[in-house]
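> Here you go, query01.csv (CSV, C-alpha atoms and all ligand atoms):
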```
chain,number,residue,atom,x,y,z
A,3,MET,CA,94.8,118.8,71.2
A,4,LEU,CA,98.0,117.3,72.8
A,5,ARG,CA,97.2,114.0,74.7
A,6,VAL,CA,99.1,113.9,77.9
A,7,VAL,CA,99.6,111.2,80.5
A,8,VAL,CA,100.9,112.5,83.9
A,9,LEU,CA,102.7,110.3,86.4
A,10,ILE,CA,102.8,111.2,90.1
A,11,SER,CA,103.8,109.6,93.4
A,12,GLY,CA,102.6,112.1,96.0
A,13,ALA,CA,100.2,115.0,96.6
A,14,GLY,CA,99.9,116.0,93.0
A,15,SER,CA,99.6,119.7,93.6
A,16,ASN,CA,101.5,120.5,90.4
A,17,LEU,CA,99.1,118.0,88.6
A,18,ARG,CA,96.2,119.9,90.0
A,19,ALA,CA,97.5,123.2,88.7
A,20,PHE,CA,98.2,121.7,85.3
A,21,LEU,CA,94.7,120.3,85.1
A,22,ASP,CA,93.3,123.8,86.0
A,23,ASP,CA,95.5,125.4,83.3
A,24,CYS,CA,94.2,122.8,80.7
A,25,ASN,CA,90.6,123.3,81.7
A,26,ALA,CA,90.9,127.1,81.7
A,27,GLY,CA,92.2,126.9,78.1
A,28,ASN,CA,95.6,128.2,79.0
A,29,VAL,CA,97.3,125.0,77.8
A,30,PRO,CA,96.0,123.3,74.6
A,31,ALA,CA,96.4,119.8,76.1
A,32,THR,CA,94.1,117.1,77.5
A,33,VAL,CA,95.2,114.9,80.4
A,34,VAL,CA,94.0,111.5,79.2
A,35,ALA,CA,95.2,109.6,82.2
A,36,VAL,CA,97.1,109.9,85.5
A,37,GLY,CA,99.3,107.0,86.7
A,38,SER,CA,101.3,106.3,89.8
A,39,ASP,CA,103.6,103.7,91.3
A,40,VAL,CA,101.7,103.9,94.6
A,41,ASN,CA,98.2,104.7,95.8
A,42,ALA,CA,99.1,108.4,95.7
A,43,PRO,CA,96.8,110.9,97.3
A,44,GLY,CA,97.1,113.1,94.2
A,45,LEU,CA,95.2,110.6,92.1
A,46,GLU,CA,92.2,112.2,93.7
A,47,HIS,CA,92.6,115.3,91.5
A,48,ALA,CA,92.2,113.1,88.4
A,49,HIS,CA,89.1,111.4,89.9
A,50,ARG,CA,87.5,114.8,90.5
A,51,HIS,CA,88.0,115.6,86.8
A,52,GLY,CA,86.7,112.2,85.7
A,53,ILE,CA,90.1,111.3,84.3
A,54,PRO,CA,91.1,107.6,84.4
A,55,THR,CA,93.9,106.5,86.7
A,56,PHE,CA,96.2,103.5,87.0
A,57,VAL,CA,98.6,102.3,89.6
A,58,GLU,CA,101.6,100.1,88.7
A,59,PRO,CA,103.7,99.4,91.8
A,60,LEU,CA,107.2,98.1,91.7
A,61,ALA,CA,106.9,94.9,93.8
A,62,THR,CA,109.6,94.0,96.3
A,63,GLY,CA,112.3,92.2,94.4
A,64,GLU,CA,110.7,92.7,91.1
A,65,ASP,CA,112.9,93.2,88.0
A,66,ARG,CA,112.8,97.0,87.2
A,67,GLU,CA,112.7,96.2,83.5
A,68,ALA,CA,109.6,94.1,83.9
A,69,TRP,CA,107.9,96.9,85.9
A,70,GLY,CA,108.9,99.5,83.3
A,71,LYS,CA,107.3,97.4,80.6
A,72,ARG,CA,104.0,97.1,82.6
A,73,LEU,CA,104.0,100.8,83.3
A,74,ALA,CA,104.8,101.6,79.6
A,75,ALA,CA,101.9,99.3,78.5
A,76,ALA,CA,99.5,101.1,80.8
A,77,ILE,CA,100.6,104.5,79.5
A,78,GLU,CA,100.4,103.4,75.8
A,79,SER,CA,96.9,102.2,76.2
A,80,PHE,CA,95.9,105.9,76.4
A,81,THR,CA,97.9,106.7,73.2
A,82,PRO,CA,99.6,109.9,74.6
A,83,ASP,CA,101.6,112.4,72.6
A,84,LEU,CA,103.5,113.4,75.8
A,85,VAL,CA,104.2,111.9,79.2
A,86,ILE,CA,105.0,114.1,82.2
A,87,LEU,CA,106.7,113.0,85.4
A,88,SER,CA,105.3,115.4,87.9
A,89,GLY,CA,106.6,114.3,91.3
A,90,PHE,CA,107.1,110.7,90.1
A,91,MET,CA,109.7,109.5,92.5
A,92,LYS,CA,110.8,106.1,91.1
A,93,LEU,CA,113.8,105.7,88.7
A,94,LEU,CA,112.6,104.4,85.3
A,95,PRO,CA,114.6,101.8,83.4
A,96,ALA,CA,116.5,102.9,80.3
A,97,SER,CA,114.1,100.9,78.0
A,98,PHE,CA,111.2,103.0,79.3
A,99,VAL,CA,113.0,106.2,78.7
A,100,GLU,CA,114.0,105.1,75.1
A,101,ARG,CA,110.3,104.3,74.4
A,102,PHE,CA,108.9,107.7,75.3
A,103,ALA,CA,111.8,110.3,75.1
A,104,PRO,CA,112.0,113.0,73.9
A,105,MET,CA,108.3,113.3,74.6
A,106,LEU,CA,109.0,112.5,78.3
A,107,LEU,CA,109.3,115.4,80.6
A,108,ASN,CA,110.3,115.8,84.2
A,109,THR,CA,109.8,118.7,86.6
A,110,HIS,CA,112.5,119.2,89.2
A,111,PRO,CA,112.6,121.5,92.2
A,112,ALA,CA,116.1,122.9,91.6
A,113,TYR,CA,118.1,124.9,89.0
A,114,LEU,CA,119.7,121.9,87.3
A,115,PRO,CA,122.4,120.8,87.0
A,116,GLU,CA,122.5,122.0,90.6
A,117,PHE,CA,120.9,119.6,93.2
A,118,PRO,CA,119.7,116.6,91.1
A,119,GLY,CA,118.0,113.7,92.8
A,120,ALA,CA,115.2,113.0,95.2
A,121,HIS,CA,116.0,115.6,97.9
A,122,ALA,CA,116.8,118.7,95.9
A,123,VAL,CA,115.1,121.2,98.2
A,124,ARG,CA,116.7,119.8,101.4
A,125,ASP,CA,120.1,119.5,99.6
A,126,ALA,CA,119.9,123.2,98.6
A,127,LEU,CA,119.2,124.3,102.2
A,128,GLU,CA,121.9,122.0,103.6
A,129,ALA,CA,124.4,123.4,101.1
A,130,GLY,CA,123.7,126.9,102.5
A,131,ALA,CA,122.7,128.2,99.0
A,132,THR,CA,121.2,131.6,98.8
A,133,GLU,CA,119.1,130.7,95.7
A,134,THR,CA,117.9,127.5,94.0
A,135,GLY,CA,115.2,127.2,91.3
A,136,ALA,CA,112.9,125.0,89.3
A,137,SER,CA,113.5,123.2,86.0
A,138,VAL,CA,111.6,121.3,83.3
A,139,ILE,CA,113.8,118.8,81.4
A,140,VAL,CA,113.5,116.0,78.9
A,141,VAL,CA,114.2,112.7,80.7
A,142,ASP,CA,117.2,110.8,79.6
A,143,ALA,CA,118.9,107.7,81.1
A,144,GLY,CA,120.7,109.7,83.9
A,145,ILE,CA,119.3,111.2,87.1
A,146,ASP,CA,118.0,114.7,86.1
A,147,THR,CA,120.7,115.0,83.4
A,148,GLY,CA,118.4,115.5,80.3
A,149,PRO,CA,118.2,118.6,78.2
A,150,ILE,CA,116.8,121.6,80.0
A,151,LEU,CA,113.7,123.1,78.4
A,152,ALA,CA,113.0,125.8,80.9
A,153,GLN,CA,114.2,127.0,84.3
A,154,SER,CA,113.9,129.9,86.7
A,155,ARG,CA,115.7,131.0,89.9
A,156,VAL,CA,114.0,131.0,93.3
A,157,PRO,CA,115.6,132.9,96.2
A,158,ILE,CA,116.2,131.1,99.5
A,159,HIS,CA,115.1,133.1,102.6
A,160,ASP,CA,117.0,133.0,105.9
A,161,ASP,CA,113.9,131.6,107.7
A,162,ASP,CA,113.0,129.1,105.0
A,163,THR,CA,112.2,125.5,105.9
A,164,GLU,CA,112.1,122.7,103.4
A,165,SER,CA,108.4,123.0,103.3
A,166,THR,CA,108.2,126.8,102.8
A,167,LEU,CA,110.9,126.8,100.2
A,168,HIS,CA,109.4,123.8,98.3
A,169,ASP,CA,106.0,125.6,98.2
A,170,ARG,CA,107.6,128.7,96.6
A,171,ILE,CA,109.5,126.5,94.1
A,172,LYS,CA,106.3,124.7,93.1
A,173,ILE,CA,104.6,128.0,92.2
A,174,VAL,CA,107.4,128.5,89.7
A,175,GLU,CA,107.5,124.9,88.5
A,176,ARG,CA,103.8,125.1,87.6
A,177,LYS,CA,104.3,128.2,85.4
A,178,LEU,CA,107.3,126.6,83.7
A,179,LEU,CA,105.5,123.3,83.0
A,180,SER,CA,102.5,125.0,81.5
A,181,ALA,CA,104.7,127.2,79.3
A,182,VAL,CA,106.7,124.3,78.1
A,183,VAL,CA,103.6,122.2,77.2
A,184,ARG,CA,102.1,125.2,75.4
A,185,ASP,CA,105.3,125.5,73.4
A,186,ILE,CA,105.3,121.8,72.5
A,187,ALA,CA,101.6,122.0,71.5
A,188,SER,CA,102.2,124.9,69.2
A,189,ARG,CA,105.0,123.1,67.5
A,190,GLU,CA,102.9,120.0,67.1
A,191,ASP,CA,100.1,122.1,65.6
A,192,SER,CA,102.5,123.6,63.1
A,193,ILE,CA,103.8,120.1,62.2
A,194,GLU,CA,100.3,118.8,61.7
A,195,GLY,CA,99.3,121.9,59.7
A,196,ASN,CA,102.2,121.3,57.2
B,201,LIG,C1,107.6,118.7,92.7
B,201,LIG,O1,108.3,119.8,93.3
B,201,LIG,C2,108.4,118.0,91.7
B,201,LIG,O2,109.3,118.8,91.0
B,201,LIG,C3,109.2,117.1,92.6
B,201,LIG,O3,108.2,116.6,93.5
B,201,LIG,C4,107.3,117.6,93.8
B,201,LIG,C5,105.9,117.1,93.6
B,201,LIG,O4,104.9,117.9,94.3
B,201,LIG,N1,109.9,116.1,91.9
B,201,LIG,C6,111.1,115.6,92.2
B,201,LIG,O5,111.7,116.0,93.2
B,201,LIG,C7,111.7,114.6,91.2
B,201,LIG,N2,113.1,114.5,91.4
B,201,LIG,P1,103.4,117.6,94.1
B,201,LIG,O6,103.2,116.1,94.3
B,201,LIG,O7,102.8,118.4,95.2
B,201,LIG,O8,103.0,118.0,92.7
```
In structure tokens, what does this structure look like?
Ligand code: GAR


Amino acid sequence: MLRVVVLISGAGSNLRAFLDDCNAGNVPATVVAVGSDVNAPGLEHAHRHGIPTFVEPLATGEDREAWGKRLAAAIESFTPDLVILSGFMKLLPASFVERFAPMLLNTHPAYLPEFPGAHAVRDALEAGATETGASVIVVDAGIDTGPILAQSRVPIHDDDTESTLHDRIKIVERKLLSAVVRDIASREDSIEGN
């Protein structure tokens, strides 16, 4: 069973869906810990499932490398096979990325390379786009520039607000993430079986 650590910064609705998929046997993975850079409300989903959590805040003025090392050590104590950034909103230092990539995934609420960054849904609306999307990528040293593992288009409706559009995108993101992890798990199985 693939051991997964998930990092979040917010509501964790995608984390909740992923936990449900794992528990239902739809994804052969176990979330062994959930971490955050803040006291995120989404940590509650982990608590409800009895999954350990940790919080590693980036202190004001703290060196990002030092923070990255603390965060990496907290993650590694759970010996994960895979780390998923699911709404984790802090930029990670390159040394962190090198430590975990390519087994370091990020979900993003746009059809990359369109609308990278922290405000992808708002940016798509402000650009007057008629469609956007959702992507699951491998994290690299850039901002949302890593290899794309899966993505789907999502239409933008005339009456969409940032919130209604983001909600529709998240439904697609959840399916993509579970499909990607299923795929990784099946490849790991075949490697182990050799
Ligand atoms: C998701 O849409 C995720 O892709 C996005 O934050 C949301 C988290 O929602 N991440 C980014 O924008 C990263 N650039 P959630 O907390 O309800 O799961």

> Pick from A:Met91, A:Ala129, A:Val33, A:Val174: nearest to ligand LIG 201 (chain B), with all atoms listed in the file counted?

A:Met91

> Counting only C-alpha atoms, figure out which residue out of A:Val8, A:Glu175, A:Leu167, A:Arg66 gets nearest to Thr109 of chain A.

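Among the listed residues, A:Glu175 lies closest to Thr109 of chain A.
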
> Mind giving me the straight-line distance from atom C6 of ligand LIG 201 (chain B) to atom CA of Ala61 of chain A in Å, one decimal?

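Going from atom C6 of ligand LIG 201 (chain B) over to atom CA of Ala61 of chain A, I get 21.2 Å.
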
> Rounded to one decimal place, report the atom CA of Glu133 of chain A-atom CA of Leu87 of chain A distance in Å.

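We find that atom CA of Glu133 of chain A and atom CA of Leu87 of chain A lie 23.9 Å from each other.
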
> Neighbours of ligand LIG 201 (chain B) within 10 Å, counting all atoms listed in the file, as number ranges by chain?

A: 9-20, 42-45, 87-93, 108-112, 117-123, 136-138, 145-146, 168-176, 179

> Distance cut-off 8 Å, centre (109.8, 121.3, 78.3) in file coordinates, counting all atoms listed in the file: which residues qualify? Return them as a PDB file with C-alpha atoms, in the coordinates of the input.


```pdb
ATOM      1  CA  LEU A 107     109.300 115.400  80.600  1.00  0.00           C
ATOM      2  CA  VAL A 138     111.600 121.300  83.300  1.00  0.00           C
ATOM      3  CA  ILE A 139     113.800 118.800  81.400  1.00  0.00           C
ATOM      4  CA  VAL A 140     113.500 116.000  78.900  1.00  0.00           C
ATOM      5  CA  ILE A 150     116.800 121.600  80.000  1.00  0.00           C
ATOM      6  CA  LEU A 151     113.700 123.100  78.400  1.00  0.00           C
ATOM      7  CA  ALA A 152     113.000 125.800  80.900  1.00  0.00           C
ATOM      8  CA  LEU A 178     107.300 126.600  83.700  1.00  0.00           C
ATOM      9  CA  LEU A 179     105.500 123.300  83.000  1.00  0.00           C
ATOM     10  CA  ALA A 181     104.700 127.200  79.300  1.00  0.00           C
ATOM     11  CA  VAL A 182     106.700 124.300  78.100  1.00  0.00           C
ATOM     12  CA  VAL A 183     103.600 122.200  77.200  1.00  0.00           C
ATOM     13  CA  ASP A 185     105.300 125.500  73.400  1.00  0.00           C
ATOM     14  CA  ILE A 186     105.300 121.800  72.500  1.00  0.00           C
TER      15      ILE A 186
END
```

> Of the residues A:Gly37, A:Gly70, A:Pro54, A:Gly130, which is the one nearest to Val85 of chain A, using all atoms listed in the file?

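Closest candidate: A:Gly37.
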
> Taking 3 positions as the minimum chain separation for residues in the same chain, which residues sit within 8 Å of Asp83 of chain A when counting all atoms listed in the file? Answer as a ChimeraX atom specification.

/A:4-6,105

> For a test of reading the model, state the distance in Å between atom CA of Ala76 of chain A and atom CA of Cys24 of chain A, rounded to one decimal.

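One can read the atom CA of Ala76 of chain A to atom CA of Cys24 of chain A distance as 22.3 Å.
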
> Might you pull out every residue within 12 Å of Trp69 of chain A, with all atoms listed in the file counted and same-chain residues fewer than 4 positions away left off, and present them as a PDB file with C-alpha atoms, in the coordinates of the input?


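Okay, around-v4.pdb is ready:
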```
ATOM      1  CA  ASP A  39     103.600 103.700  91.300  1.00  0.00           C
ATOM      2  CA  VAL A  57      98.600 102.300  89.600  1.00  0.00           C
ATOM      3  CA  GLU A  58     101.600 100.100  88.700  1.00  0.00           C
ATOM      4  CA  PRO A  59     103.700  99.400  91.800  1.00  0.00           C
ATOM      5  CA  LEU A  60     107.200  98.100  91.700  1.00  0.00           C
ATOM      6  CA  ALA A  61     106.900  94.900  93.800  1.00  0.00           C
ATOM      7  CA  THR A  62     109.600  94.000  96.300  1.00  0.00           C
ATOM      8  CA  GLY A  63     112.300  92.200  94.400  1.00  0.00           C
ATOM      9  CA  GLU A  64     110.700  92.700  91.100  1.00  0.00           C
ATOM     10  CA  ASP A  65     112.900  93.200  88.000  1.00  0.00           C
ATOM     11  CA  LEU A  73     104.000 100.800  83.300  1.00  0.00           C
ATOM     12  CA  ALA A  74     104.800 101.600  79.600  1.00  0.00           C
ATOM     13  CA  ALA A  75     101.900  99.300  78.500  1.00  0.00           C
ATOM     14  CA  ALA A  76      99.500 101.100  80.800  1.00  0.00           C
ATOM     15  CA  LYS A  92     110.800 106.100  91.100  1.00  0.00           C
ATOM     16  CA  LEU A  93     113.800 105.700  88.700  1.00  0.00           C
ATOM     17  CA  LEU A  94     112.600 104.400  85.300  1.00  0.00           C
ATOM     18  CA  PRO A  95     114.600 101.800  83.400  1.00  0.00           C
ATOM     19  CA  ALA A  96     116.500 102.900  80.300  1.00  0.00           C
ATOM     20  CA  SER A  97     114.100 100.900  78.000  1.00  0.00           C
ATOM     21  CA  PHE A  98     111.200 103.000  79.300  1.00  0.00           C
TER      22      PHE A  98
END
```

> Which one is closest to Pro82 of chain A: A:Val36, A:Val141, A:Val7, A:Leu114? Count only C-alpha atoms.

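Nearest candidate to Pro82 of chain A out of A:Val36, A:Val141, A:Val7, A:Leu114: A:Val7.
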
> Counting all atoms listed in the file, I want the residues whose atoms come within 7 Å of (116.3, 133.5, 91.0) in the file frame, returned as a PyMOL selection string.

chain A and resi 133-135+154-157

> Can I get the selected residues back with C-alpha atoms, as a PDB file, in the coordinates of the input?


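Saved to selection-v4.pdb:
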```pdb
ATOM      1  CA  GLU A 133     119.100 130.700  95.700  1.00  0.00           C
ATOM      2  CA  THR A 134     117.900 127.500  94.000  1.00  0.00           C
ATOM      3  CA  GLY A 135     115.200 127.200  91.300  1.00  0.00           C
ATOM      4  CA  SER A 154     113.900 129.900  86.700  1.00  0.00           C
ATOM      5  CA  ARG A 155     115.700 131.000  89.900  1.00  0.00           C
ATOM      6  CA  VAL A 156     114.000 131.000  93.300  1.00  0.00           C
ATOM      7  CA  PRO A 157     115.600 132.900  96.200  1.00  0.00           C
TER       8      PRO A 157
END
```

> Set the distance at 7 Å and use only C-alpha atoms: which residues neighbour Arg184 of chain A once local chain neighbours fewer than 3 positions away are removed? I'd like the list as a ChimeraX atom specification.

/A:29-30,180-181,187-188
